[in-house]
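Undergrad: Just input22.txt, nothing more (compact mmCIF, C-alpha atoms and all ligand atoms):
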```txt
# COMPACT_ATOMS: atom_id res chain seq x y z
CA MET A 647 131.06 213.80 106.10
CA THR A 648 133.50 211.03 105.17
CA PHE A 649 133.28 207.28 105.74
CA GLU A 650 135.93 207.54 108.45
CA GLN A 651 133.96 210.26 110.22
CA TYR A 652 130.79 208.15 110.22
CA PHE A 653 132.30 204.80 111.12
CA SER A 654 135.81 205.43 112.57
CA VAL A 655 137.37 202.96 110.11
CA ALA A 656 138.52 203.22 106.51
CA PRO A 657 136.43 201.67 103.70
CA SER A 658 137.95 198.56 102.16
CA ALA A 659 136.14 198.81 98.81
CA THR A 660 134.41 201.44 96.69
CA VAL A 661 131.97 200.56 93.92
CA ALA A 662 130.34 202.99 91.46
CA THR A 663 127.21 201.93 89.57
CA PRO A 664 125.65 204.12 86.86
CA GLY A 665 122.04 205.09 86.36
CA ARG A 666 120.51 204.18 83.01
CA VAL A 667 118.46 205.80 80.31
CA ASN A 668 116.27 203.64 78.13
CA LEU A 669 116.61 204.64 74.47
CA ILE A 670 113.53 202.71 73.39
CA GLY A 671 111.50 199.66 74.49
CA GLU A 672 109.31 200.97 77.29
CA HIS A 673 107.06 198.67 79.36
CA THR A 674 108.26 195.77 77.22
CA ASP A 675 110.46 194.09 79.84
CA TYR A 676 107.61 192.62 81.90
CA ASN A 677 106.15 191.36 78.63
CA ASP A 678 109.28 189.27 77.93
CA GLY A 679 110.21 191.73 75.18
CA PHE A 680 113.19 193.76 73.97
CA VAL A 681 114.75 196.87 75.53
CA LEU A 682 117.61 199.17 74.53
CA PRO A 683 119.06 201.10 77.48
CA THR A 684 122.44 202.73 77.95
CA VAL A 685 124.18 204.16 81.00
CA ILE A 686 124.25 207.80 82.07
CA PRO A 687 127.34 209.47 83.60
CA GLN A 688 125.65 209.85 86.99
CA THR A 689 126.57 207.10 89.46
CA THR A 690 125.74 205.72 92.88
CA VAL A 691 128.95 205.27 94.83
CA ILE A 692 129.06 202.82 97.73
CA GLN A 693 131.99 202.69 100.12
CA ILE A 694 131.99 199.61 102.32
CA ALA A 695 133.91 197.85 105.09
CA ALA A 696 133.14 194.39 106.50
CA ARG A 697 132.43 194.05 110.23
CA LYS A 698 133.16 191.08 112.46
CA ASP A 699 129.57 190.90 113.78
CA GLN A 700 126.09 190.68 112.23
CA THR A 701 125.37 194.42 112.43
CA VAL A 702 124.69 196.57 109.39
CA ARG A 703 125.32 200.30 109.66
CA VAL A 704 124.41 202.37 106.65
CA VAL A 705 124.10 206.03 105.76
CA SER A 706 123.03 207.76 102.55
CA SER A 707 124.31 211.27 101.99
CA ASN A 708 121.32 211.78 99.68
CA MET A 709 118.82 211.44 102.51
CA GLN A 710 118.26 214.31 104.93
CA PRO A 711 119.26 214.11 107.69
CA ALA A 712 122.16 211.87 106.63
CA ALA A 713 122.03 209.68 109.72
CA VAL A 714 123.53 206.25 110.41
CA HIS A 715 120.85 203.53 110.43
CA THR A 716 121.50 200.20 112.14
CA TYR A 717 119.93 196.73 111.92
CA THR A 718 120.95 193.12 112.46
CA LEU A 719 121.26 190.56 109.67
CA GLY A 720 118.34 188.16 109.90
CA ALA A 721 116.05 190.82 111.34
CA GLU A 722 115.39 192.69 108.09
CA LYS A 723 112.11 194.61 107.96
CA LYS A 724 110.09 195.95 105.06
CA SER A 725 110.45 199.53 106.23
CA GLY A 726 108.52 202.14 104.31
CA ASP A 727 111.62 204.20 103.52
CA TRP A 728 114.82 203.80 101.47
CA LEU A 729 116.24 201.28 103.95
CA VAL A 730 113.88 198.70 102.48
CA TYR A 731 116.29 198.45 99.51
CA ILE A 732 119.26 197.79 101.81
CA GLN A 733 117.41 195.30 104.01
CA GLY A 734 115.98 193.69 100.88
CA VAL A 735 119.47 193.10 99.50
CA THR A 736 120.78 191.42 102.64
CA HIS A 737 117.59 189.38 103.06
CA ILE A 738 117.56 188.14 99.46
CA LEU A 739 121.30 187.33 99.50
CA ARG A 740 121.13 185.43 102.78
CA THR A 741 118.01 183.48 101.83
CA SER A 742 119.66 182.60 98.51
CA GLY A 743 122.43 180.81 100.37
CA ILE A 744 125.05 183.54 100.03
CA THR A 745 127.12 184.09 103.15
CA ILE A 746 127.64 187.68 104.22
CA GLY A 747 128.48 189.30 107.54
CA GLY A 748 127.74 192.71 108.97
CA PHE A 749 129.14 195.81 107.28
CA ASP A 750 129.37 199.58 107.33
CA ALA A 751 128.36 201.39 104.13
CA LEU A 752 128.21 204.98 102.92
CA ILE A 753 126.06 205.71 99.87
CA SER A 754 126.38 208.88 97.83
CA SER A 755 124.71 209.25 94.47
CA THR A 756 124.34 211.71 91.64
CA VAL A 757 121.54 209.66 90.02
CA PRO A 758 118.30 211.56 90.66
CA THR A 759 115.68 209.46 92.44
CA GLY A 760 112.27 208.92 90.92
CA ALA A 761 113.30 210.49 87.60
CA GLY A 762 113.00 207.35 85.48
CA LEU A 763 116.77 206.84 85.48
CA SER A 764 116.84 203.87 87.80
CA SER A 765 118.41 205.08 91.00
CA SER A 766 116.89 202.03 92.70
CA ALA A 767 118.75 199.54 90.50
CA ALA A 768 121.97 201.55 90.84
CA LEU A 769 121.54 201.22 94.60
CA THR A 770 120.65 197.51 94.82
CA VAL A 771 123.07 196.31 92.13
CA GLY A 772 125.76 198.57 93.58
CA LEU A 773 125.28 197.17 97.06
CA ILE A 774 125.43 193.56 95.88
CA LYS A 775 128.64 194.34 93.96
CA ALA A 776 130.09 196.11 97.01
CA LEU A 777 129.25 193.10 99.19
CA ARG A 778 130.89 190.82 96.60
CA GLU A 779 134.10 192.82 97.12
CA VAL A 780 134.25 192.32 100.88
CA PHE A 781 132.64 188.87 101.31
CA PRO A 782 133.94 187.25 98.19
CA PHE A 783 131.15 185.23 96.59
CA ASP A 784 130.82 184.09 93.06
CA LEU A 785 128.03 185.80 91.16
CA THR A 786 128.03 186.80 87.50
CA ASP A 787 126.62 190.17 86.49
CA PRO A 788 123.36 188.67 85.12
CA ALA A 789 122.95 186.71 88.37
CA ILE A 790 123.41 189.94 90.34
CA ALA A 791 120.81 191.62 88.15
CA ARG A 792 118.33 188.80 88.86
CA LEU A 793 118.88 189.04 92.62
CA ALA A 794 118.49 192.83 92.53
CA GLN A 795 115.22 192.39 90.65
CA ARG A 796 114.03 189.97 93.32
CA VAL A 797 114.83 192.60 95.97
CA GLU A 798 112.37 194.99 94.30
CA ASN A 799 109.78 192.30 93.48
CA GLU A 800 109.78 190.32 96.70
CA PHE A 801 110.93 192.77 99.35
CA VAL A 802 110.20 196.33 98.19
CA GLY A 803 106.96 195.26 96.52
CA ALA A 804 107.71 196.92 93.16
CA HIS A 805 106.85 194.53 90.34
CA VAL A 806 109.53 195.78 88.00
CA GLY A 807 110.98 193.86 85.06
CA ILE A 808 114.65 193.03 84.59
CA MET A 809 115.69 195.94 82.34
CA ASP A 810 117.04 198.35 84.96
CA GLN A 811 119.21 195.83 86.76
CA MET A 812 120.66 194.37 83.57
CA ALA A 813 121.27 197.85 82.17
CA VAL A 814 123.22 199.16 85.15
CA CYS A 815 125.17 195.88 85.34
CA LEU A 816 126.09 195.52 81.69
CA ALA A 817 125.65 198.65 79.58
CA LYS A 818 128.65 200.83 78.77
CA PRO A 819 129.02 204.51 77.83
CA ARG A 820 128.19 205.10 74.15
CA GLN A 821 126.95 201.54 73.83
CA ALA A 822 123.35 200.46 73.99
CA LEU A 823 122.38 197.17 75.57
CA PHE A 824 120.04 195.32 73.20
CA LEU A 825 118.50 192.88 75.64
CA ASP A 826 115.98 190.11 75.14
CA THR A 827 114.34 190.08 78.56
CA ARG A 828 113.00 186.54 78.06
CA SER A 829 116.27 184.74 77.34
CA LEU A 830 118.56 187.47 78.79
CA HIS A 831 120.60 187.21 75.60
CA TYR A 832 122.14 190.57 74.92
CA GLU A 833 124.32 192.46 72.50
CA LEU A 834 126.16 195.74 73.02
CA VAL A 835 125.47 198.01 70.05
CA ALA A 836 127.69 201.07 69.58
CA LEU A 837 126.04 204.46 69.17
CA PRO A 838 126.90 206.05 65.81
CA GLU A 839 129.80 208.51 66.08
CA GLN A 840 127.61 211.55 65.39
CA ALA A 841 124.85 210.53 67.81
CA GLY A 842 124.43 212.82 70.81
CA LEU A 843 122.04 211.96 73.62
CA ILE A 844 120.14 214.53 75.63
CA VAL A 845 118.48 213.56 78.90
CA ILE A 846 116.38 216.14 80.74
CA ASN A 847 114.51 215.55 83.98
CA SER A 848 111.11 217.25 83.74
CA GLY A 849 110.99 217.99 87.47
CA VAL A 850 107.65 216.15 87.61
CA SER A 851 108.10 213.19 89.91
CA HIS A 852 106.40 209.88 89.17
CA SER A 853 104.27 209.75 92.32
CA ASN A 854 101.46 207.69 90.80
CA ILE A 855 103.84 205.15 89.35
CA GLY A 856 103.01 202.31 91.78
CA GLY A 857 99.30 202.12 90.98
CA GLY A 858 99.63 203.00 87.30
CA TYR A 859 102.45 200.55 86.75
CA SER A 860 100.61 197.65 88.38
CA ALA A 861 97.46 198.40 86.41
CA ARG A 862 99.43 198.36 83.12
CA ARG A 863 101.03 195.08 84.08
CA ARG A 864 97.67 193.49 84.84
CA SER A 865 96.26 194.72 81.52
CA CYS A 866 99.14 193.10 79.65
CA GLU A 867 98.70 189.80 81.48
CA GLU A 868 94.98 189.86 80.78
CA ALA A 869 95.55 190.62 77.08
CA ALA A 870 98.11 187.82 76.78
CA THR A 871 95.72 185.35 78.44
CA GLN A 872 92.85 186.30 76.13
CA LEU A 873 95.12 186.07 73.09
CA LYS A 874 96.40 182.68 74.31
CA VAL A 875 100.09 183.56 74.33
CA LYS A 876 102.60 183.29 77.17
CA ALA A 877 103.47 186.98 76.90
CA LEU A 878 102.71 189.84 74.51
CA ARG A 879 106.21 189.48 73.18
CA ASP A 880 104.96 186.40 71.35
CA LEU A 881 102.91 188.63 69.04
CA GLY A 882 104.15 190.78 66.16
CA LEU A 883 102.92 193.61 63.97
CA ALA A 884 101.01 191.08 61.85
CA ASP A 885 98.85 190.32 64.90
CA LEU A 886 97.66 193.90 65.48
CA GLY A 887 94.47 193.08 63.57
CA ARG A 888 93.61 190.42 66.16
CA LEU A 889 93.32 192.85 69.08
CA LYS A 890 89.78 194.20 68.57
CA PRO A 891 87.98 191.54 70.66
CA LEU A 892 90.05 192.62 73.70
CA GLY A 893 87.96 195.79 74.00
CA ALA A 894 89.18 199.37 73.59
CA LEU A 895 91.40 199.60 76.67
CA LEU A 896 93.27 196.30 76.42
CA GLU A 897 93.57 196.78 72.66
CA LYS A 898 95.44 200.04 73.19
CA ARG A 899 97.68 198.60 75.89
CA ALA A 900 98.57 195.53 73.82
CA ARG A 901 99.11 197.63 70.70
CA HIS A 902 101.70 199.72 72.54
CA VAL A 903 103.65 196.69 73.73
CA ILE A 904 103.58 194.88 70.40
CA SER A 905 104.49 197.94 68.34
CA GLU A 906 107.13 199.07 70.86
CA ASN A 907 108.78 195.69 70.74
CA ALA A 908 109.02 195.96 66.94
CA ARG A 909 110.40 199.49 67.29
CA VAL A 910 113.29 198.22 69.42
CA GLU A 911 114.32 195.82 66.67
CA SER A 912 114.03 198.62 64.10
CA ALA A 913 116.07 200.92 66.36
CA VAL A 914 118.90 198.38 66.55
CA LEU A 915 118.98 198.20 62.73
CA ALA A 916 118.99 202.02 62.57
CA LEU A 917 121.85 202.19 65.08
CA LYS A 918 123.90 199.69 63.12
CA ALA A 919 123.21 201.58 59.87
CA GLY A 920 124.11 204.91 61.54
CA ASP A 921 120.69 206.19 60.46
CA LEU A 922 119.97 208.91 63.03
CA ALA A 923 116.94 210.24 61.19
CA ARG A 924 115.28 206.83 61.32
CA LEU A 925 116.16 206.41 64.99
CA GLY A 926 114.71 209.84 65.76
CA GLN A 927 111.50 208.89 63.94
CA LEU A 928 111.25 205.74 66.08
CA PHE A 929 111.69 207.86 69.25
CA LYS A 930 108.76 210.04 68.11
CA GLU A 931 106.57 207.03 67.36
CA SER A 932 107.46 205.47 70.70
CA HIS A 933 106.44 208.62 72.53
CA ALA A 934 103.12 208.85 70.70
CA SER A 935 102.42 205.22 71.59
CA MET A 936 103.23 205.78 75.28
CA ARG A 937 101.08 208.91 75.32
CA ASP A 938 98.04 207.69 73.38
CA ASP A 939 97.94 203.89 73.71
CA TYR A 940 99.72 203.21 77.00
CA GLU A 941 98.73 206.52 78.64
CA VAL A 942 101.76 206.86 80.90
CA SER A 943 102.81 210.38 79.89
CA THR A 944 101.85 213.68 81.54
CA PRO A 945 101.01 217.09 80.01
CA GLU A 946 104.39 218.49 81.15
CA ILE A 947 106.33 215.60 79.61
CA ASP A 948 104.34 215.89 76.36
CA GLN A 949 105.24 219.55 76.20
CA LEU A 950 108.90 218.86 76.91
CA VAL A 951 108.96 216.27 74.11
CA THR A 952 107.23 218.69 71.73
CA ILE A 953 109.75 221.43 72.55
CA ALA A 954 112.63 219.01 71.96
CA ASN A 955 111.18 217.80 68.66
CA LEU A 956 110.98 221.41 67.43
CA ASP A 957 114.68 221.99 68.05
CA PRO A 958 116.66 221.98 64.79
CA ALA A 959 119.45 219.79 66.24
CA VAL A 960 117.06 217.08 67.45
CA TYR A 961 116.13 213.98 65.43
CA GLY A 962 113.48 212.81 67.87
CA ALA A 963 112.54 212.78 71.54
CA ARG A 964 110.50 210.63 73.90
CA LEU A 965 109.54 210.00 77.49
CA THR A 966 112.00 207.53 79.01
CA GLY A 967 111.38 205.19 81.93
CA GLY A 968 108.10 204.02 83.38
CA GLY A 969 106.35 207.36 82.96
CA PHE A 970 103.88 209.40 85.05
CA GLY A 971 106.61 212.05 85.14
CA GLY A 972 110.36 211.58 85.00
CA SER A 973 112.74 212.37 82.16
CA ILE A 974 112.92 212.59 78.39
CA VAL A 975 115.62 211.30 76.09
CA ALA A 976 116.34 213.02 72.79
CA LEU A 977 118.65 212.10 69.94
CA ALA A 978 120.64 215.02 68.57
CA HIS A 979 123.70 215.73 66.52
CA LEU A 980 126.65 215.15 68.88
CA ALA A 981 128.35 218.54 68.48
CA GLU A 982 125.06 220.41 68.85
CA ALA A 983 123.66 218.45 71.78
CA PRO A 984 124.93 220.73 74.61
CA ALA A 985 123.46 223.89 73.06
CA ALA A 986 120.24 222.11 72.10
CA ALA A 987 119.76 220.79 75.64
CA LYS A 988 120.08 224.33 77.02
CA ARG A 989 117.57 225.70 74.51
CA ILE A 990 115.06 222.95 75.30
CA ALA A 991 115.40 223.39 79.07
CA GLN A 992 115.01 227.16 78.78
CA ARG A 993 111.84 226.90 76.67
CA TYR A 994 110.37 224.31 79.03
CA LEU A 995 110.98 226.59 82.00
CA GLU A 996 109.32 229.49 80.17
CA GLN A 997 106.34 227.53 78.89
CA VAL A 998 105.65 225.08 81.72
CA GLY A 999 107.09 226.92 84.71
CA LYS A 1000 108.80 223.83 86.13
CA GLU A 1001 112.54 223.65 86.77
CA PRO A 1002 114.11 221.07 84.42
CA THR A 1003 117.52 219.48 85.01
CA ILE A 1004 119.85 218.67 82.13
CA LEU A 1005 121.49 215.34 82.99
CA VAL A 1006 123.09 214.59 79.63
CA PRO A 1007 125.22 215.98 78.01
P1 LIG B 1101 113.98 205.27 90.12
O1 LIG B 1101 114.59 203.93 90.22
O2 LIG B 1101 113.31 205.51 88.80
O3 LIG B 1101 114.90 206.40 90.47
P2 LIG B 1101 112.34 204.21 92.23
O4 LIG B 1101 111.07 204.70 92.84
O5 LIG B 1101 112.36 202.88 91.62
O6 LIG B 1101 112.78 205.35 91.18
O7 LIG B 1101 113.51 204.25 93.32
C1 LIG B 1101 113.75 205.42 94.05
C2 LIG B 1101 113.99 205.05 95.51
O8 LIG B 1101 115.22 204.32 95.65
C3 LIG B 1101 114.15 206.27 96.41
O9 LIG B 1101 112.90 206.78 96.82
C4 LIG B 1101 114.94 205.68 97.56
O10 LIG B 1101 114.09 204.97 98.44
C5 LIG B 1101 115.85 204.66 96.87
N1 LIG B 1101 117.16 205.27 96.56
C6 LIG B 1101 117.69 205.46 95.33
N2 LIG B 1101 118.92 206.04 95.42
C7 LIG B 1101 119.16 206.23 96.73
C8 LIG B 1101 120.26 206.79 97.48
N3 LIG B 1101 121.33 207.30 96.89
N4 LIG B 1101 120.16 206.79 98.83
C9 LIG B 1101 119.08 206.29 99.44
N5 LIG B 1101 118.04 205.76 98.80
C10 LIG B 1101 118.05 205.73 97.46
MG MG B 1102 113.55 202.07 90.11
```
Show me the file's structure as structure tokens.

TA:
Amino acid sequence: MTFEQYFSVAPSATVATPGRVNLIGEHTDYNDGFVLPTVIPQTTVIQIAARKDQTVRVVSSNMQPAAVHTYTLGAEKKSGDWLVYIQGVTHILRTSGITIGGFDALISSTVPTGAGLSSSAALTVGLIKALREVFPFDLTDPAIARLAQRVENEFVGAHVGIMDQMAVCLAKPRQALFLDTRSLHYELVALPEQAGLIVINSGVSHSNIGGGYSARRRSCEEAATQLKVKALRDLGLADLGRLKPLGALLEKRARHVISENARVESAVLALKAGDLARLGQLFKESHASMRDDYEVSTPEIDQLVTIANLDPAVYGARLTGGGFGGSIVALAHLAEAPAAAKRIAQRYLEQVGKEPTILVP
């Protein structure tokens, strides 16, 4: 159904916001560290029209049944469903002193949800940008990213870092966003001409992510406290020898974050040098670290990564996103990426029996 059919008026603005894939730098953002995401072609499209009252009417064509939901500004509730993201946006904007009125909105997205590709940031950032179109207010992209993060932290109750929101706000196709999540300084780094990305959703959804994610976060905070630093980002490879007294578990968790942070810096150098073999090697090391030290992979994802690494066109592959399911990203030769993605998906289906989805290329 169209916007006009739902709301009997025409939309006055349409905003498309991409999903993102993180190339490397996983679980580093809440440790004040570095990340390196880029956008994927899939987008969340929001059509919007301002209303003259304080009513919000919203429908998502991705939710079945696609019904119109209504609430009043100022009466936002932390509902247990997807509407919490919408109500969170209006609550955070209003309580931040930004004036908005009621509106009608239709959401339709091709970003898969819960696949590690940040459909939630595409939704919250997209809605704030759509509201900026119809209730003109002055917010820069980084300010929008911060507000969208607060929606997840303070309203949804997901203690996510700032990577996803900054990525969907600022990254561009074929450019990676090298972001320092402490200072929010960033640099767009072009992908080498021959670099082809492959993104495949494993079909295993990250159901345990809430509990697992929070536990990892707590471990990092605990390790930083014991090591007397503000965040693990303040430690480097030279400090790995200092981790023993943390005990086996915290040592592994801290080792992942510290080594992963260093790998992001190495990956940026490899990108700039056009060294795809080196970048692929860093992908492999990152995956091993997430699997063995951070323990956020799953058997299916490990198998998908192994299958990808065995493909002759692939330089390296890894789990992308928070983990406990989700998607993999692989670096391949550009011209061979489409065929390689098909081969990898086919072998995964045969060996694991789960239906994968090729999202890129
Ligand atoms: P991810 O961001 O990795 O996709 P999250 O668990 O952070 O996974 O966010 C997924 C949630 O965001 C969905 O369960 C849903 O509540 C909400 N969401 C994302 N996209 C849409 C959409 N197009 N329509 C409605 N809700 C959406
Ligand atoms: Mg999310």

Undergrad: As lines of an AutoDock Vina configuration file, what would the box around ligand LIG 1101 (chain B) look like: edges along x, y and z, 4 Å added on every side, centre and edge lengths in Å to one decimal?

TA:
```
center_x = 116.2
center_y = 205.1
center_z = 94.1
size_x = 18.3
size_y = 12.4
size_z = 18.6
```

Undergrad: Excluding same-chain residues fewer than 4 positions from A:Thr871, what lies within 12 Å of it counting only C-alpha atoms, as a PyMOL selection string?

TA: chain A and resi 864-867+875-878+880+892+896+900

Undergrad: Hey, can you check how far atom CA of A:Leu922 sits from atom CA of A:Ala841?

TA: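 Atom CA of A:Ala841 lies 7.0 Å from atom CA of A:Leu922.
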
Undergrad: Please find the residues contacting ligand LIG 1101 (chain B) at a distance of at most 9 Å between atoms, with all atoms listed in the file counted, and report them as a ChimeraX atom specification.

TA: /A:665,690-692,705-709,726-732,753-770,798,804,806,810,852-853,855-856,967-968,972

Undergrad: Would you save the residues of that selection, restricted to C-alpha atoms, as a tab-separated table (two decimals), in the coordinates of the input?

TA:
```tsv
chain	number	residue	atom	x	y	z
A	665	GLY	CA	122.04	205.09	86.36
A	690	THR	CA	125.74	205.72	92.88
A	691	VAL	CA	128.95	205.27	94.83
A	692	ILE	CA	129.06	202.82	97.73
A	705	VAL	CA	124.10	206.03	105.76
A	706	SER	CA	123.03	207.76	102.55
A	707	SER	CA	124.31	211.27	101.99
A	708	ASN	CA	121.32	211.78	99.68
A	709	MET	CA	118.82	211.44	102.51
A	726	GLY	CA	108.52	202.14	104.31
A	727	ASP	CA	111.62	204.20	103.52
A	728	TRP	CA	114.82	203.80	101.47
A	729	LEU	CA	116.24	201.28	103.95
A	730	VAL	CA	113.88	198.70	102.48
A	731	TYR	CA	116.29	198.45	99.51
A	732	ILE	CA	119.26	197.79	101.81
A	753	ILE	CA	126.06	205.71	99.87
A	754	SER	CA	126.38	208.88	97.83
A	755	SER	CA	124.71	209.25	94.47
A	756	THR	CA	124.34	211.71	91.64
A	757	VAL	CA	121.54	209.66	90.02
A	758	PRO	CA	118.30	211.56	90.66
A	759	THR	CA	115.68	209.46	92.44
A	760	GLY	CA	112.27	208.92	90.92
A	761	ALA	CA	113.30	210.49	87.60
A	762	GLY	CA	113.00	207.35	85.48
A	763	LEU	CA	116.77	206.84	85.48
A	764	SER	CA	116.84	203.87	87.80
A	765	SER	CA	118.41	205.08	91.00
A	766	SER	CA	116.89	202.03	92.70
A	767	ALA	CA	118.75	199.54	90.50
A	768	ALA	CA	121.97	201.55	90.84
A	769	LEU	CA	121.54	201.22	94.60
A	770	THR	CA	120.65	197.51	94.82
A	798	GLU	CA	112.37	194.99	94.30
A	804	ALA	CA	107.71	196.92	93.16
A	806	VAL	CA	109.53	195.78	88.00
A	810	ASP	CA	117.04	198.35	84.96
A	852	HIS	CA	106.40	209.88	89.17
A	853	SER	CA	104.27	209.75	92.32
A	855	ILE	CA	103.84	205.15	89.35
A	856	GLY	CA	103.01	202.31	91.78
A	967	GLY	CA	111.38	205.19	81.93
A	968	GLY	CA	108.10	204.02	83.38
A	972	GLY	CA	110.36	211.58	85.00
```

Undergrad: Given only C-alpha atoms as the basis, pick out the residue of A:Lys898, A:Thr952, A:Lys874, A:Leu843 nearest to A:Leu980.

TA: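 Among A:Lys898, A:Thr952, A:Lys874, A:Leu843, it is A:Leu843 that comes nearest to A:Leu980.
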
Undergrad: Set the distance at 7 Å and use all atoms listed in the file: which residues neighbour stretch 943-949 of chain A once local chain neighbours fewer than 3 positions away are removed? I'd like the list as a PyMOL selection string.

TA: chain A and resi 848+936-937+952-953+965+969-971+998

Undergrad: Each residue of stretch 746-861 of chain A with at least one atom at most 12 Å from stretch 667-677 of chain A should appear once, together with its nearest atom pair and the corresponding distance in Å (one decimal); atoms considered: only C-alpha atoms; ordering: chain, then increasing residue number; output as a tab-separated table.

TA:
```
residue	atom	partner	partner_atom	distance
A:Val757	CA	A:Val667	CA	10.9
A:Pro758	CA	A:Val667	CA	11.8
A:Ala761	CA	A:Val667	CA	10.1
A:Gly762	CA	A:Val667	CA	7.7
A:Leu763	CA	A:Val667	CA	5.5
A:Ser764	CA	A:Val667	CA	7.9
A:Ser765	CA	A:Val667	CA	10.7
A:Ala767	CA	A:Val667	CA	12.0
A:Ala768	CA	A:Val667	CA	11.9
A:Gln795	CA	A:Tyr676	CA	11.6
A:Asn799	CA	A:Tyr676	CA	11.8
A:His805	CA	A:Tyr676	CA	8.7
A:Val806	CA	A:Tyr676	CA	7.1
A:Gly807	CA	A:Tyr676	CA	4.8
A:Ile808	CA	A:Asp675	CA	6.4
A:Met809	CA	A:Asp675	CA	6.1
A:Asp810	CA	A:Asn668	CA	8.7
A:Gln811	CA	A:Asp675	CA	11.3
A:Met812	CA	A:Asp675	CA	10.9
A:Ala813	CA	A:Val667	CA	8.6
A:Val814	CA	A:Val667	CA	9.5
A:Ala817	CA	A:Val667	CA	10.2
A:Lys818	CA	A:Val667	CA	11.4
A:Pro819	CA	A:Val667	CA	10.9
A:Arg820	CA	A:Val667	CA	11.5
A:Gln821	CA	A:Leu669	CA	10.8
A:Ala822	CA	A:Leu669	CA	7.9
A:Leu823	CA	A:Asn668	CA	9.3
A:Phe824	CA	A:Gly671	CA	9.7
A:Leu825	CA	A:Asp675	CA	9.2
A:Asp826	CA	A:Asp675	CA	8.3
A:Thr827	CA	A:Asp675	CA	5.7
A:Arg828	CA	A:Asp675	CA	8.2
A:Ser829	CA	A:Asp675	CA	11.3
A:Leu830	CA	A:Asp675	CA	10.5
A:Val835	CA	A:Leu669	CA	11.9
A:Leu837	CA	A:Leu669	CA	10.8
A:Gly842	CA	A:Leu669	CA	11.9
A:Leu843	CA	A:Leu669	CA	9.2
A:Ile844	CA	A:Val667	CA	10.0
A:Val845	CA	A:Val667	CA	7.9
A:Ile846	CA	A:Val667	CA	10.6
A:Asn847	CA	A:Val667	CA	11.1
A:Gly858	CA	A:His673	CA	11.7
A:Tyr859	CA	A:His673	CA	8.9
A:Ser860	CA	A:Tyr676	CA	10.8
A:Ala861	CA	A:His673	CA	11.9
```

Undergrad: As a ChimeraX atom specification, please: the residues near A:Leu895 (cut-off 10 Å, only C-alpha atoms, same-chain neighbours under 5 positions excluded).

TA: /A:865,869,890,900-901,939-940

Undergrad: Between A:Ala659, A:Leu682, A:Ala794, A:Val714, which one has atoms that come closest to ligand MG 1102 (chain B), using only C-alpha atoms and all ligand atoms?

TA: A:Ala794

Undergrad: Grab the atom CA of A:Asp678 to atom CA of A:Val903 distance for me, in Å with one decimal place.

TA: 10.2 Å

Undergrad: Go through A:Arg862, A:Lys918, A:Arg666, A:His979 one by one, measure the shortest atom-to-atom distance of each to ligand MG 1102 (chain B) using only C-alpha atoms and all ligand atoms, and give the residue with the smallest value.

TA: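 Ranking A:Arg862, A:Lys918, A:Arg666, A:His979 by distance to ligand MG 1102 (chain B), first place goes to A:Arg666.
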
Undergrad: Of the candidates A:Ala908, A:Leu777, A:Ile790, A:Ile694, which shows the shortest atom-to-atom distance to A:Gly679, using only C-alpha atoms?

TA: A:Ala908

Undergrad: What does the structure give for the distance between atom CA of A:Pro1002 and atom CA of A:Thr663, in Å to one decimal?

TA: 23.8 Å

Undergrad: Given the choices A:Leu834, A:Leu995, A:Ala870, A:Val951, which gets closest to A:Thr684 if the distance is worked out from all atoms listed in the file?

TA: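 Counting all atoms listed in the file, the residue closest to A:Thr684 is A:Leu834.
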
Undergrad: Between A:Pro782, A:Gly803, A:Gly748, A:Pro984, which is the closest to ligand MG 1102 (chain B) once you count all atoms listed in the file?

TA: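 Residue with the minimum atom-to-atom distance to ligand MG 1102 (chain B): A:Gly803.
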
Undergrad: Would you pick out the contacts of A:Leu915 at 10 Å or less, using all atoms listed in the file, so that residues sharing its chain but fewer than 5 positions from it are not included, and give the list as a list in words?

TA: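 Near A:Leu915, the qualifying residues are Val835, Arg909, Val910, Gly920, Asp921, Arg924 and Leu925 of chain A.
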
Undergrad: Name the residues in contact with A:Val797 at a cut-off of 8 Å, using all atoms listed in the file, excluding same-chain residues fewer than 4 positions from it; report them as a list in words.

TA: Tyr731, Gly734, Val735, Ile738, Thr770, Leu793, Phe801 and Val802 of chain A

Undergrad: Just need stretch 687-691 of chain A in a file, please: N, CA, C and O atoms, as a short mmCIF file (atom, residue, chain, number, x, y, z; two decimals), in the first residue's frame.

TA:
```
data_model
loop_
_atom_site.label_atom_id
_atom_site.label_comp_id
_atom_site.auth_asym_id
_atom_site.auth_seq_id
_atom_site.Cartn_x
_atom_site.Cartn_y
_atom_site.Cartn_z
N PRO A 687 24.18 -1.39 0.00
CA PRO A 687 23.19 -0.78 -0.91
C PRO A 687 21.76 -0.79 -0.34
O PRO A 687 20.93 0.01 -0.75
N GLN A 688 21.49 -1.68 0.59
CA GLN A 688 20.14 -1.76 1.16
C GLN A 688 19.85 -0.52 2.00
O GLN A 688 20.72 -0.05 2.73
N THR A 689 18.61 -0.02 1.91
CA THR A 689 18.26 1.21 2.62
C THR A 689 16.93 1.08 3.35
O THR A 689 16.10 0.23 3.03
N THR A 690 16.76 1.96 4.32
CA THR A 690 15.47 2.14 4.98
C THR A 690 14.89 3.46 4.48
O THR A 690 15.52 4.52 4.65
N VAL A 691 13.76 3.38 3.81
CA VAL A 691 13.15 4.57 3.22
C VAL A 691 12.00 5.03 4.13
O VAL A 691 11.15 4.22 4.52
#
```
